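Enquirer: This one is protein-v6.txt, compact mmCIF, C-alpha atoms and all ligand atoms.
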```
# COMPACT_ATOMS: atom_id res chain seq x y z
CA MET A 270 -12.65 48.53 -28.74
CA ARG A 271 -8.88 48.28 -28.89
CA HIS A 272 -7.11 45.28 -30.39
CA PRO A 273 -6.25 42.52 -27.90
CA GLU A 274 -2.51 43.13 -28.53
CA SER A 275 -2.91 46.61 -27.01
CA GLU A 276 -4.68 45.31 -23.92
CA MET A 277 -2.28 42.53 -22.90
CA MET A 278 -0.02 44.87 -20.93
CA SER A 279 -2.59 46.49 -18.66
CA PHE A 280 -6.18 45.24 -19.00
CA GLY A 281 -7.91 44.34 -15.75
CA TYR A 282 -5.13 45.59 -13.45
CA ASP A 283 -5.01 48.82 -11.46
CA PRO A 284 -1.39 49.69 -10.46
CA MET A 285 -2.70 51.97 -7.73
CA LEU A 286 -4.00 48.95 -5.84
CA SER A 287 -0.39 47.64 -5.71
CA GLU A 288 1.84 50.58 -4.73
CA GLY A 289 1.98 51.79 -8.36
CA SER A 290 3.75 48.63 -9.50
CA ILE A 291 3.44 48.71 -13.31
CA LYS A 292 3.22 44.92 -13.47
CA PRO A 293 0.89 42.89 -11.27
CA PRO A 294 2.90 41.49 -8.35
CA ILE A 295 2.73 37.73 -7.84
CA PHE A 296 -0.01 37.36 -5.24
CA GLN A 297 1.72 34.38 -3.67
CA THR A 298 -0.85 33.94 -0.94
CA SER A 299 -3.30 31.22 -0.01
CA THR A 300 -5.91 33.38 1.69
CA PHE A 301 -7.21 36.97 1.87
CA VAL A 302 -8.08 39.09 4.91
CA PHE A 303 -11.70 40.30 5.14
CA LYS A 304 -12.25 43.86 6.39
CA THR A 305 -15.21 42.72 8.49
CA ALA A 306 -17.13 39.54 9.21
CA GLU A 307 -20.06 40.99 7.25
CA GLU A 308 -17.84 41.37 4.20
CA GLY A 309 -16.65 37.77 4.48
CA LYS A 310 -20.28 36.63 4.65
CA ARG A 311 -21.16 38.66 1.53
CA PHE A 312 -18.19 37.25 -0.44
CA PHE A 313 -19.14 33.67 0.41
CA GLU A 314 -22.80 34.23 -0.55
CA VAL A 315 -21.68 35.16 -4.06
CA ALA A 316 -18.93 32.52 -4.30
CA TYR A 317 -21.31 29.71 -3.38
CA GLY A 318 -24.19 31.06 -5.48
CA LEU A 319 -26.43 31.70 -2.47
CA ARG A 320 -27.40 35.03 -4.03
CA GLU A 321 -26.81 36.85 -7.33
CA LYS A 322 -23.95 39.35 -7.44
CA ASP A 323 -25.08 43.01 -7.59
CA PRO A 324 -24.10 44.51 -10.95
CA ALA A 325 -21.68 46.96 -9.30
CA GLU A 326 -20.21 44.39 -6.91
CA SER A 327 -16.88 42.76 -7.72
CA MET A 328 -16.16 39.22 -6.64
CA GLY A 329 -14.42 39.48 -3.27
CA LEU A 330 -11.10 37.73 -2.79
CA ILE A 331 -11.49 34.76 -0.44
CA TYR A 332 -8.99 31.91 -0.87
CA SER A 333 -6.65 31.12 -3.79
CA ARG A 334 -8.45 27.90 -4.75
CA LEU A 335 -11.54 30.04 -5.46
CA ASN A 336 -9.91 33.21 -6.78
CA ASN A 337 -6.63 35.10 -6.87
CA PRO A 338 -5.72 38.39 -8.61
CA ASN A 339 -3.15 36.82 -10.98
CA LEU A 340 -5.64 34.15 -12.02
CA GLU A 341 -8.47 36.65 -12.53
CA ILE A 342 -6.43 39.17 -14.54
CA LEU A 343 -5.22 36.33 -16.77
CA GLU A 344 -8.75 35.00 -17.29
CA ASP A 345 -10.02 38.47 -18.20
CA ARG A 346 -7.21 39.02 -20.72
CA LEU A 347 -7.71 35.61 -22.35
CA THR A 348 -11.36 36.43 -23.12
CA LEU A 349 -10.32 39.51 -25.16
CA TRP A 350 -8.84 37.52 -28.07
CA GLU A 351 -12.24 36.42 -29.27
CA ASN A 352 -14.65 38.56 -27.23
CA ALA A 353 -15.55 35.55 -25.13
CA GLU A 354 -17.89 36.16 -22.20
CA ALA A 355 -15.77 34.44 -19.56
CA GLY A 356 -12.60 32.43 -18.97
CA ALA A 357 -11.14 29.87 -16.59
CA VAL A 358 -7.47 28.93 -16.15
CA PHE A 359 -6.18 25.54 -15.03
CA GLU A 360 -2.90 23.91 -14.03
CA SER A 361 -2.74 22.03 -17.35
CA GLY A 362 -4.49 21.68 -20.68
CA MET A 363 -5.70 18.23 -19.56
CA ALA A 364 -7.20 19.81 -16.41
CA ALA A 365 -9.17 22.24 -18.61
CA ILE A 366 -10.31 19.40 -20.89
CA SER A 367 -11.22 16.86 -18.19
CA THR A 368 -12.98 19.39 -15.94
CA THR A 369 -15.04 20.74 -18.87
CA LEU A 370 -16.06 17.26 -20.03
CA LEU A 371 -16.93 16.06 -16.52
CA GLU A 372 -19.10 19.12 -15.96
CA LEU A 373 -20.95 18.98 -19.29
CA LEU A 374 -21.46 15.21 -19.60
CA PRO A 375 -23.89 13.66 -17.12
CA PRO A 376 -23.44 9.94 -16.38
CA GLY A 377 -25.12 7.91 -19.12
CA SER A 378 -24.71 10.57 -21.80
CA VAL A 379 -22.96 10.39 -25.19
CA LEU A 380 -20.11 12.58 -26.47
CA ILE A 381 -19.67 13.11 -30.22
CA HIS A 382 -16.05 13.91 -31.13
CA SER A 383 -13.67 14.41 -34.03
CA ALA A 384 -10.64 12.19 -34.58
CA PRO A 385 -7.71 12.09 -34.23
CA LEU A 386 -7.58 13.81 -30.85
CA TYR A 387 -4.69 14.76 -28.59
CA GLY A 388 -3.52 11.52 -26.91
CA GLY A 389 -4.48 12.57 -23.38
CA THR A 390 -7.95 13.65 -24.51
CA ASP A 391 -8.39 10.41 -26.43
CA HIS A 392 -7.42 8.42 -23.34
CA PHE A 393 -9.79 10.40 -21.11
CA ILE A 394 -12.73 9.86 -23.50
CA HIS A 395 -12.08 6.16 -24.09
CA HIS A 396 -10.76 5.01 -20.71
CA VAL A 397 -12.04 7.40 -18.03
CA LEU A 398 -15.48 8.59 -19.20
CA PRO A 399 -16.77 4.99 -19.70
CA LYS A 400 -16.47 4.55 -15.90
CA TYR A 401 -19.33 7.06 -15.69
CA ASN A 402 -21.28 5.25 -18.43
CA ILE A 403 -20.43 7.99 -20.90
CA ASP A 404 -20.19 6.63 -24.44
CA SER A 405 -18.57 8.31 -27.42
CA LEU A 406 -18.96 8.33 -31.17
CA SER A 407 -16.28 9.66 -33.48
CA ILE A 408 -17.30 11.63 -36.56
CA ILE A 409 -15.72 11.30 -39.96
CA PRO A 410 -14.32 14.63 -41.29
CA GLY A 411 -16.93 16.20 -43.59
CA GLU A 412 -19.74 13.96 -42.29
CA THR A 413 -23.22 15.54 -42.48
CA PRO A 414 -25.41 15.99 -39.38
CA GLU A 415 -27.97 13.64 -40.99
CA ASN A 416 -25.41 10.88 -41.29
CA VAL A 417 -24.26 11.31 -37.67
CA GLN A 418 -27.91 11.13 -36.60
CA LYS A 419 -28.43 7.90 -38.59
CA ARG A 420 -25.39 6.28 -37.01
CA LEU A 421 -26.53 7.31 -33.51
CA GLU A 422 -30.05 6.02 -34.15
CA SER A 423 -28.67 2.67 -35.22
CA LYS A 424 -27.08 2.43 -31.75
CA GLY A 425 -30.19 3.82 -29.99
CA TRP A 426 -28.08 6.73 -28.67
CA GLN A 427 -29.87 9.67 -30.33
CA ASP A 428 -31.48 10.95 -27.09
CA ARG A 429 -28.29 10.80 -24.99
CA VAL A 430 -26.03 13.30 -26.79
CA ALA A 431 -24.77 15.91 -24.29
CA ALA A 432 -21.86 17.61 -26.10
CA VAL A 433 -19.79 17.73 -29.29
CA TYR A 434 -15.98 18.00 -29.00
CA ILE A 435 -13.60 18.76 -31.85
CA GLU A 436 -9.90 19.47 -32.27
CA THR A 437 -8.84 21.42 -35.35
CA PRO A 438 -6.29 21.46 -36.90
CA ALA A 439 -5.81 17.90 -35.70
CA ASN A 440 -2.52 16.62 -34.41
CA PRO A 441 -0.18 15.50 -36.03
CA THR A 442 -1.28 15.93 -39.67
CA THR A 443 -3.09 19.32 -39.36
CA GLU A 444 -6.31 17.79 -40.71
CA LEU A 445 -9.07 20.42 -40.66
CA ILE A 446 -12.56 20.10 -39.18
CA CYS A 447 -15.36 22.54 -40.01
CA ILE A 448 -16.55 24.26 -36.80
CA LYS A 449 -19.86 25.36 -38.36
CA ASN A 450 -20.62 21.79 -39.40
CA ALA A 451 -19.80 20.57 -35.87
CA LYS A 452 -22.22 23.21 -34.54
CA ALA A 453 -24.91 21.93 -36.93
CA ILE A 454 -24.29 18.40 -35.62
CA ALA A 455 -24.67 19.65 -32.01
CA GLN A 456 -27.90 21.48 -32.86
CA THR A 457 -29.40 18.32 -34.40
CA PHE A 458 -29.53 16.81 -30.91
CA GLU A 459 -30.69 19.88 -28.99
CA THR A 460 -34.09 20.13 -27.35
CA GLU A 461 -35.87 23.10 -25.71
CA GLU A 462 -34.64 21.99 -22.29
CA ALA A 463 -31.23 20.60 -23.15
CA LYS A 464 -28.62 22.50 -25.13
CA VAL A 465 -25.78 20.50 -26.70
CA PRO A 466 -22.64 22.64 -26.35
CA LEU A 467 -19.85 22.60 -28.92
CA ILE A 468 -16.36 22.41 -27.39
CA VAL A 469 -13.30 23.21 -29.56
CA ASP A 470 -9.68 22.50 -28.64
CA ASN A 471 -7.95 25.50 -30.26
CA THR A 472 -4.41 24.83 -29.03
CA TYR A 473 -2.79 24.61 -32.48
CA MET A 474 -3.88 27.97 -33.97
CA GLY A 475 -5.37 30.04 -31.23
CA PRO A 476 -6.16 32.46 -29.94
CA VAL A 477 -4.39 34.66 -32.54
CA PHE A 478 -5.14 32.86 -35.83
CA SER A 479 -8.38 31.13 -34.94
CA LYS A 480 -11.44 32.30 -32.99
CA PRO A 481 -13.87 29.37 -32.75
CA THR A 482 -16.57 31.27 -30.81
CA HIS A 483 -17.12 33.30 -34.00
CA PHE A 484 -18.17 30.07 -35.73
CA GLY A 485 -20.46 28.77 -33.00
CA ALA A 486 -18.17 27.20 -30.37
CA ASP A 487 -19.62 27.45 -26.85
CA ILE A 488 -16.37 26.59 -25.06
CA VAL A 489 -12.86 26.94 -26.48
CA LEU A 490 -10.09 24.99 -24.77
CA TYR A 491 -6.34 25.52 -24.70
CA SER A 492 -3.24 23.81 -23.58
CA ALA A 493 -1.65 27.09 -22.47
CA THR A 494 1.57 25.07 -22.20
CA LYS A 495 1.87 25.57 -25.96
CA TYR A 496 1.59 28.95 -27.78
CA ILE A 497 -0.01 30.93 -24.92
CA GLY A 498 2.84 30.08 -22.52
CA GLY A 499 5.22 29.81 -25.45
CA HIS A 500 8.53 29.40 -23.62
CA SER A 501 8.51 25.71 -22.59
CA ASP A 502 8.62 26.72 -18.93
CA VAL A 503 5.04 26.27 -17.73
CA VAL A 504 2.25 23.68 -17.94
CA ALA A 505 -1.21 25.29 -17.93
CA GLY A 506 -4.63 25.22 -19.56
CA ALA A 507 -7.61 27.47 -20.24
CA ALA A 508 -11.28 27.46 -21.18
CA VAL A 509 -13.08 30.52 -22.58
CA GLY A 510 -16.61 31.00 -23.87
CA ASN A 511 -20.23 31.17 -22.79
CA ALA A 512 -20.49 32.72 -19.27
CA GLU A 513 -23.08 30.28 -17.95
CA LEU A 514 -21.07 27.23 -19.03
CA ILE A 515 -17.75 28.67 -17.80
CA THR A 516 -19.34 29.37 -14.40
CA ARG A 517 -20.35 25.71 -14.19
CA VAL A 518 -16.85 24.57 -15.20
CA LYS A 519 -15.27 26.94 -12.65
CA THR A 520 -17.54 25.62 -9.91
CA LEU A 521 -16.34 22.07 -10.55
CA ARG A 522 -12.76 23.41 -10.70
CA THR A 523 -13.21 24.78 -7.17
CA PHE A 524 -13.88 21.26 -5.92
CA LEU A 525 -11.33 19.43 -8.06
CA GLY A 526 -8.82 22.07 -7.00
CA ASN A 527 -7.01 22.23 -10.36
CA MET A 528 -7.04 26.03 -10.85
CA GLY A 529 -3.99 27.92 -12.12
CA SER A 530 -1.49 28.91 -9.43
CA PRO A 531 -0.51 32.56 -8.82
CA PHE A 532 3.00 32.07 -10.19
CA ASN A 533 1.95 30.16 -13.32
CA SER A 534 -0.77 32.75 -13.98
CA TRP A 535 1.82 35.49 -13.64
CA LEU A 536 4.12 33.71 -16.12
CA LEU A 537 1.25 33.45 -18.59
CA LEU A 538 0.41 37.16 -18.20
CA ARG A 539 3.96 37.90 -19.24
CA SER A 540 3.69 35.48 -22.17
CA LEU A 541 0.44 37.05 -23.40
CA GLU A 542 2.20 40.37 -24.02
CA THR A 543 4.25 38.80 -26.84
CA LEU A 544 1.78 36.13 -28.00
CA SER A 545 0.75 37.79 -31.23
CA VAL A 546 4.30 38.83 -32.19
CA ARG A 547 5.64 35.35 -31.47
CA MET A 548 2.93 33.56 -33.40
CA GLU A 549 3.22 35.89 -36.42
CA ARG A 550 6.98 35.42 -36.62
CA GLN A 551 6.81 31.68 -36.03
CA ALA A 552 4.26 31.41 -38.86
CA GLN A 553 6.45 33.47 -41.23
CA THR A 554 9.46 31.28 -40.52
CA ALA A 555 7.35 28.12 -40.84
CA GLU A 556 6.36 29.08 -44.37
CA VAL A 557 10.01 29.40 -45.42
CA VAL A 558 10.88 26.05 -43.85
CA ALA A 559 7.79 24.23 -45.21
CA ASP A 560 8.40 25.45 -48.78
CA TRP A 561 12.02 24.30 -48.48
CA LEU A 562 11.00 20.89 -47.11
CA LYS A 563 8.42 20.45 -49.87
CA ALA A 564 11.15 20.80 -52.50
CA HIS A 565 13.64 18.53 -50.68
CA PRO A 566 14.45 15.28 -52.57
CA MET A 567 14.23 13.19 -49.36
CA VAL A 568 10.72 14.45 -48.54
CA GLU A 569 7.67 12.61 -49.81
CA HIS A 570 4.94 14.95 -48.53
CA VAL A 571 4.49 17.97 -46.22
CA HIS A 572 1.36 18.44 -44.08
CA TYR A 573 1.04 22.18 -43.57
CA LEU A 574 -1.97 24.48 -43.80
CA LYS A 575 -0.67 26.45 -46.79
CA TYR A 576 -1.13 23.23 -48.77
CA ALA A 577 -4.56 22.37 -47.31
CA ALA A 578 -6.35 22.91 -50.62
CA GLU A 579 -3.96 20.47 -52.32
CA ARG A 580 -5.10 17.78 -49.89
CA SER A 581 -8.83 18.34 -50.49
CA GLU A 582 -11.24 20.98 -51.72
CA ARG A 583 -13.09 20.65 -48.39
CA GLU A 584 -9.97 21.44 -46.34
CA GLY A 585 -9.03 24.34 -48.61
CA ARG A 586 -12.45 25.88 -47.98
CA ILE A 587 -12.19 25.40 -44.18
CA HIS A 588 -8.70 26.88 -44.17
CA ALA A 589 -9.87 30.02 -45.99
CA GLU A 590 -12.91 30.46 -43.75
CA GLN A 591 -11.63 29.53 -40.29
CA TYR A 592 -8.00 30.67 -40.12
CA THR A 593 -6.04 33.85 -40.75
CA SER A 594 -2.64 32.14 -41.05
CA ASN A 595 -0.95 28.85 -41.91
CA GLY A 596 0.36 28.58 -38.36
CA ALA A 597 3.76 27.18 -37.41
CA MET A 598 3.04 23.45 -37.14
CA MET A 599 3.91 20.97 -39.84
CA ALA A 600 4.60 17.28 -40.29
CA PHE A 601 6.41 15.66 -43.17
CA LEU A 602 6.91 12.19 -44.61
CA ILE A 603 10.55 11.35 -45.03
CA LYS A 604 11.38 8.85 -47.80
CA GLY A 605 11.85 5.54 -45.97
CA GLY A 606 10.52 4.45 -42.58
CA GLU A 607 11.25 4.66 -38.86
CA LYS A 608 15.00 4.18 -39.41
CA GLU A 609 15.26 7.19 -41.73
CA ALA A 610 12.97 9.31 -39.50
CA PHE A 611 15.15 8.52 -36.48
CA GLN A 612 18.38 9.25 -38.37
CA PHE A 613 16.96 12.65 -39.30
CA LEU A 614 15.82 13.38 -35.73
CA ASN A 615 19.16 12.25 -34.26
CA GLY A 616 20.99 14.53 -36.69
CA LEU A 617 19.25 17.72 -35.51
CA LYS A 618 21.22 20.06 -33.25
CA LEU A 619 19.48 23.45 -33.18
CA VAL A 620 16.00 21.95 -33.43
CA LYS A 621 15.38 20.05 -30.20
CA LEU A 622 14.11 16.48 -30.16
CA ALA A 623 11.16 16.84 -27.79
CA VAL A 624 7.37 16.59 -27.68
CA SER A 625 5.20 19.67 -27.02
CA LEU A 626 4.85 22.56 -29.48
CA GLY A 627 4.31 26.28 -29.87
CA SER A 628 7.43 27.32 -28.03
CA THR A 629 10.17 29.81 -28.85
CA GLU A 630 12.54 26.94 -29.71
CA SER A 631 11.78 24.65 -32.64
CA LEU A 632 10.85 21.10 -31.66
CA ALA A 633 10.74 17.87 -33.64
CA GLU A 634 9.36 14.45 -32.74
CA HIS A 635 8.21 11.10 -34.16
CA PRO A 636 4.42 10.81 -33.60
CA ALA A 637 4.15 7.05 -34.29
CA THR A 638 6.48 6.12 -31.40
CA MET A 639 6.14 9.20 -29.17
CA THR A 640 3.00 11.40 -28.92
CA HIS A 641 0.80 8.81 -30.66
CA ALA A 642 2.46 5.61 -29.37
CA ASP A 643 -0.77 4.73 -27.54
CA VAL A 644 -2.97 4.95 -30.68
CA SER A 645 -4.11 1.61 -32.20
CA ALA A 646 -2.44 0.47 -35.43
CA GLU A 647 -5.81 0.80 -37.18
CA ASP A 648 -6.29 4.43 -36.07
CA LYS A 649 -2.69 5.29 -36.89
CA ALA A 650 -3.25 4.06 -40.44
CA ALA A 651 -6.59 5.89 -40.70
CA HIS A 652 -5.04 9.20 -39.67
CA GLY A 653 -1.75 9.00 -41.53
CA VAL A 654 0.46 8.45 -38.46
CA THR A 655 3.00 6.42 -40.39
CA ASP A 656 6.53 5.32 -39.40
CA ASN A 657 8.08 7.92 -41.71
CA LEU A 658 6.12 10.90 -40.28
CA VAL A 659 8.10 13.62 -38.47
CA ARG A 660 6.31 16.49 -36.69
CA ILE A 661 7.90 19.92 -36.41
CA SER A 662 6.94 22.97 -34.40
CA ILE A 663 8.72 26.08 -35.66
CA GLY A 664 10.08 28.53 -33.09
CA LEU A 665 11.82 31.90 -33.24
CA GLU A 666 15.22 30.89 -34.62
CA HIS A 667 16.37 32.41 -37.91
CA PRO A 668 14.94 30.40 -40.84
CA GLU A 669 18.40 30.09 -42.46
CA ASP A 670 19.76 28.40 -39.34
CA LEU A 671 16.80 26.04 -39.16
CA ILE A 672 17.28 25.06 -42.79
CA ALA A 673 21.04 24.60 -42.25
CA ASP A 674 20.31 22.37 -39.24
CA MET A 675 17.81 20.27 -41.18
CA THR A 676 20.15 20.06 -44.18
CA LYS A 677 22.76 18.46 -41.87
CA ALA A 678 20.10 16.17 -40.39
CA PHE A 679 19.12 14.91 -43.85
CA GLU A 680 22.81 14.23 -44.55
CA ASN A 681 22.71 11.95 -41.47
CA VAL A 682 20.11 9.74 -43.22
CA GLY A 683 21.14 6.61 -45.15
C1 LIG B 701 -0.61 19.52 -25.27
C2 LIG B 701 -2.04 19.44 -25.69
C3 LIG B 701 -3.07 19.16 -24.77
C4 LIG B 701 -2.79 18.84 -23.30
O1 LIG B 701 -2.29 19.94 -22.63
P1 LIG B 701 -1.32 19.84 -21.34
O2 LIG B 701 -1.04 21.27 -21.05
O3 LIG B 701 -0.13 19.04 -21.73
O4 LIG B 701 -2.11 19.17 -20.27
C5 LIG B 701 -4.36 19.15 -25.25
N1 LIG B 701 -4.65 19.39 -26.54
C6 LIG B 701 -3.70 19.64 -27.45
C7 LIG B 701 -4.08 19.89 -28.87
C8 LIG B 701 -2.36 19.69 -27.06
O5 LIG B 701 -1.41 19.92 -27.98
```
Could you express the structure from this file as structure tokens?
Expert:
Amino acid sequence: MRHPESEMMSFGYDPMLSEGSIKPPIFQTSTFVFKTAEEGKRFFEVAYGLREKDPAESMGLIYSRLNNPNLEILEDRLTLWENAEAGAVFESGMAAISTTLLELLPPGSVLIHSAPLYGGTDHFIHHVLPKYNIDSLSIIPGETPENVQKRLESKGWQDRVAAVYIETPANPTTELICIKNAKAIAQTFETEEAKVPLIVDNTYMGPVFSKPTHFGADIVLYSATKYIGGHSDVVAGAAVGNAELITRVKTLRTFLGNMGSPFNSWLLLRSLETLSVRMERQAQTAEVVADWLKAHPMVEHVHYLKYAAERSEREGRIHAEQYTSNGAMMAFLIKGGEKEAFQFLNGLKLVKLAVSLGSTESLAEHPATMTHADVSAEDKAAHGVTDNLVRISIGLEHPEDLIADMTKAFENVG
């Protein structure tokens, strides 16, 4: 087996099927011509699950809501990063998340999840899923399966658990959740007939620095808008993992119609070629910036994975086991409050004041009033989303220029 880096340029694509074109063309087409009526019939039988596909048979191209070469090549390449069995690409990270949850959670079931979650995910779980009588219980980091079971029993929910969903590192403070422990929680509620899948949002560190399927995740989700896309020019999402579950998710995707488009899939194929190089360099630069911030007199605290063990022994252990890097995301507490945080943000020139993350340009934002504005005051306090917290995503600029820009921004404070 080659390394995924070596496969991102050519895996799953035969140039000879496209006039020798070294790169896959953009198959900007809605539909595909069948050679014969019999062939069309055979393709539909497989697409609609009316019969099993022969081992040697490839899925015939039918219609771009069901399949398209750009989408399929991208899905195949995404699975290589963690040897996942199958993949599905969507028009956004939220499309991947909502489609997966709707498929795996029957009406009346219960979802166990970590907290804090990405704002859109949090909204979907607390404001959309209840319309289908789907309840949710949030776990406390480090909580044992036995304790989760006790809390569910006290609500009479222990027989309704249909999935466990976690996000790690969590946004914005990079709090770490143990994937193996989440798997143990899921298994507590499994029966012979009903599996309880573990879903992991791996947007922050994956797929290069974190491979959740190796720790028991059944489905791994991505906002491909972030590191996978990496250039702030596309919104997309992905799910990879267990083939049976991904097939179910893809079937619902066919009817929700939120699959990745040919052009966005093509953009992501191009991004995947540099994913590992970008993430490695972004992480290297992030370490220089984080160490500098940590020593800055106007900084109270820096949340960054290199310092995970300083926060707690538990997080230090998870960091060592689950991740191969410190990543390129950080958040810091500026001395003062919202006023000082805003003065800093307004003083940045090279670093852009914008939400999103994982891109080639560095981005900074104020979680309490921007990405996490919707979160209750109580939850903000519980998860350290304070008025003086600034989140930074490090890009590909030279670290000296980033530090010079932030030095100026600190001079703007006061
Ligand atoms: C951005 C993000 C999402 C949502 O993805 P979109 O592509 O914006 O729909 C989900 N989870 C995490 C952790 C994110 O950062």
Enquirer: Give the padded box for ligand LIG 701 (chain B) as JSON: axis-aligned, covering all atoms listed in the file, 4 Å on each side, centre and edge lengths in Å to one decimal.
Expert:
```
{"center_x": -2.4, "center_y": 20.1, "center_z": -24.6, "size_x": 12.5, "size_y": 10.4, "size_z": 16.6}
```
Enquirer: Which protein, DNA or RNA residues have an atom at most 10 Å from (4.4, 26.6, -37.6), counting only C-alpha atoms? List them as a count of residues only.
Expert: 29
Enquirer: Check which residues fall inside 7 Å of ligand LIG 701 (chain B) when counting only C-alpha atoms and all ligand atoms, and print them as a list in words.
Expert: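 I would give the residues around ligand LIG 701 (chain B) as Ser361, Gly362, Met363, Ala364, Tyr387, Gly389, Thr390, Glu436, Asn440, Asp470, Asn471, Thr472, Tyr473, Tyr491, Ser492, Ala493, Thr494, Lys495, Val504, Ala505, Gly506, Ser625 and Leu626 of chain A.
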Enquirer: Between A:Ser479, A:Thr369, A:Ser275, A:Thr543, which one has atoms that come closest to Pro466 in chain A, using all atoms listed in the file?
Expert: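 Selected residue with least distance to Pro466 in chain A: A:Thr369.
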Enquirer: Would you kindly return, as a list in words, each protein, DNA or RNA residue with an atom no farther than 8 Å from any atom of Glu354 in chain A, considering only C-alpha atoms and excluding same-chain residues fewer than 2 positions away?
Expert: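 Everything that qualifies: Thr348, Asn352, Gly356, Val509, Gly510, Asn511 and Ala512 of chain A.
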Enquirer: For Ala651 in chain A, work out the shell of residues within 10 Å, counting all atoms listed in the file and skipping chain neighbours fewer than 4 positions away, then give it as a list in words.
Expert: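 The residues satisfying every condition are Ala384, Pro385, Ser645, Ala646, Glu647 and Thr655 of chain A.
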Enquirer: Using all atoms listed in the file, which of A:Val489, A:Thr593, A:Val546, A:Ala578 sits nearest Pro273 in chain A?
Expert: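 The shortest atom-to-atom distance to Pro273 in chain A comes from A:Val546.
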Enquirer: Using only C-alpha atoms, which residues sit within 6 Å of Ser407 in chain A once same-chain residues fewer than 2 positions away are excluded, as a ChimeraX atom specification?
Expert: /A:381-383
Enquirer: For the selection you just gave me, I'd like the residues written to a file as an mmCIF file, in the frame of the given file, keeping C-alpha atoms.
Expert:
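Written out: selection30.cif:
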```
data_model
loop_
_atom_site.group_PDB
_atom_site.id
_atom_site.type_symbol
_atom_site.label_atom_id
_atom_site.label_comp_id
_atom_site.auth_asym_id
_atom_site.auth_seq_id
_atom_site.Cartn_x
_atom_site.Cartn_y
_atom_site.Cartn_z
ATOM 1 C CA ILE A 381 -19.670 13.110 -30.220
ATOM 2 C CA HIS A 382 -16.050 13.910 -31.130
ATOM 3 C CA SER A 383 -13.670 14.410 -34.030
#
```
Enquirer: Which residue is closest to Val469 in chain A? Choose from A:Leu374, A:Ile409, A:Leu617, A:Leu386 and count only C-alpha atoms.
Expert: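 Residue with the minimum atom-to-atom distance to Val469 in chain A: A:Leu386.
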Enquirer: Determine the nearest neighbour of Glu680 in chain A from the options A:Ala507, A:Leu514, A:Ile342, A:Met567, counting only C-alpha atoms.
Expert: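 So, comparing all the options, the nearest one is A:Met567.
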Enquirer: Between A:Leu398, A:Leu536, A:Leu619, A:Val659, which residue has the minimum interatomic distance to Pro636 in chain A, considering all atoms listed in the file?
Expert: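 So, comparing all the options, the nearest one is A:Val659.
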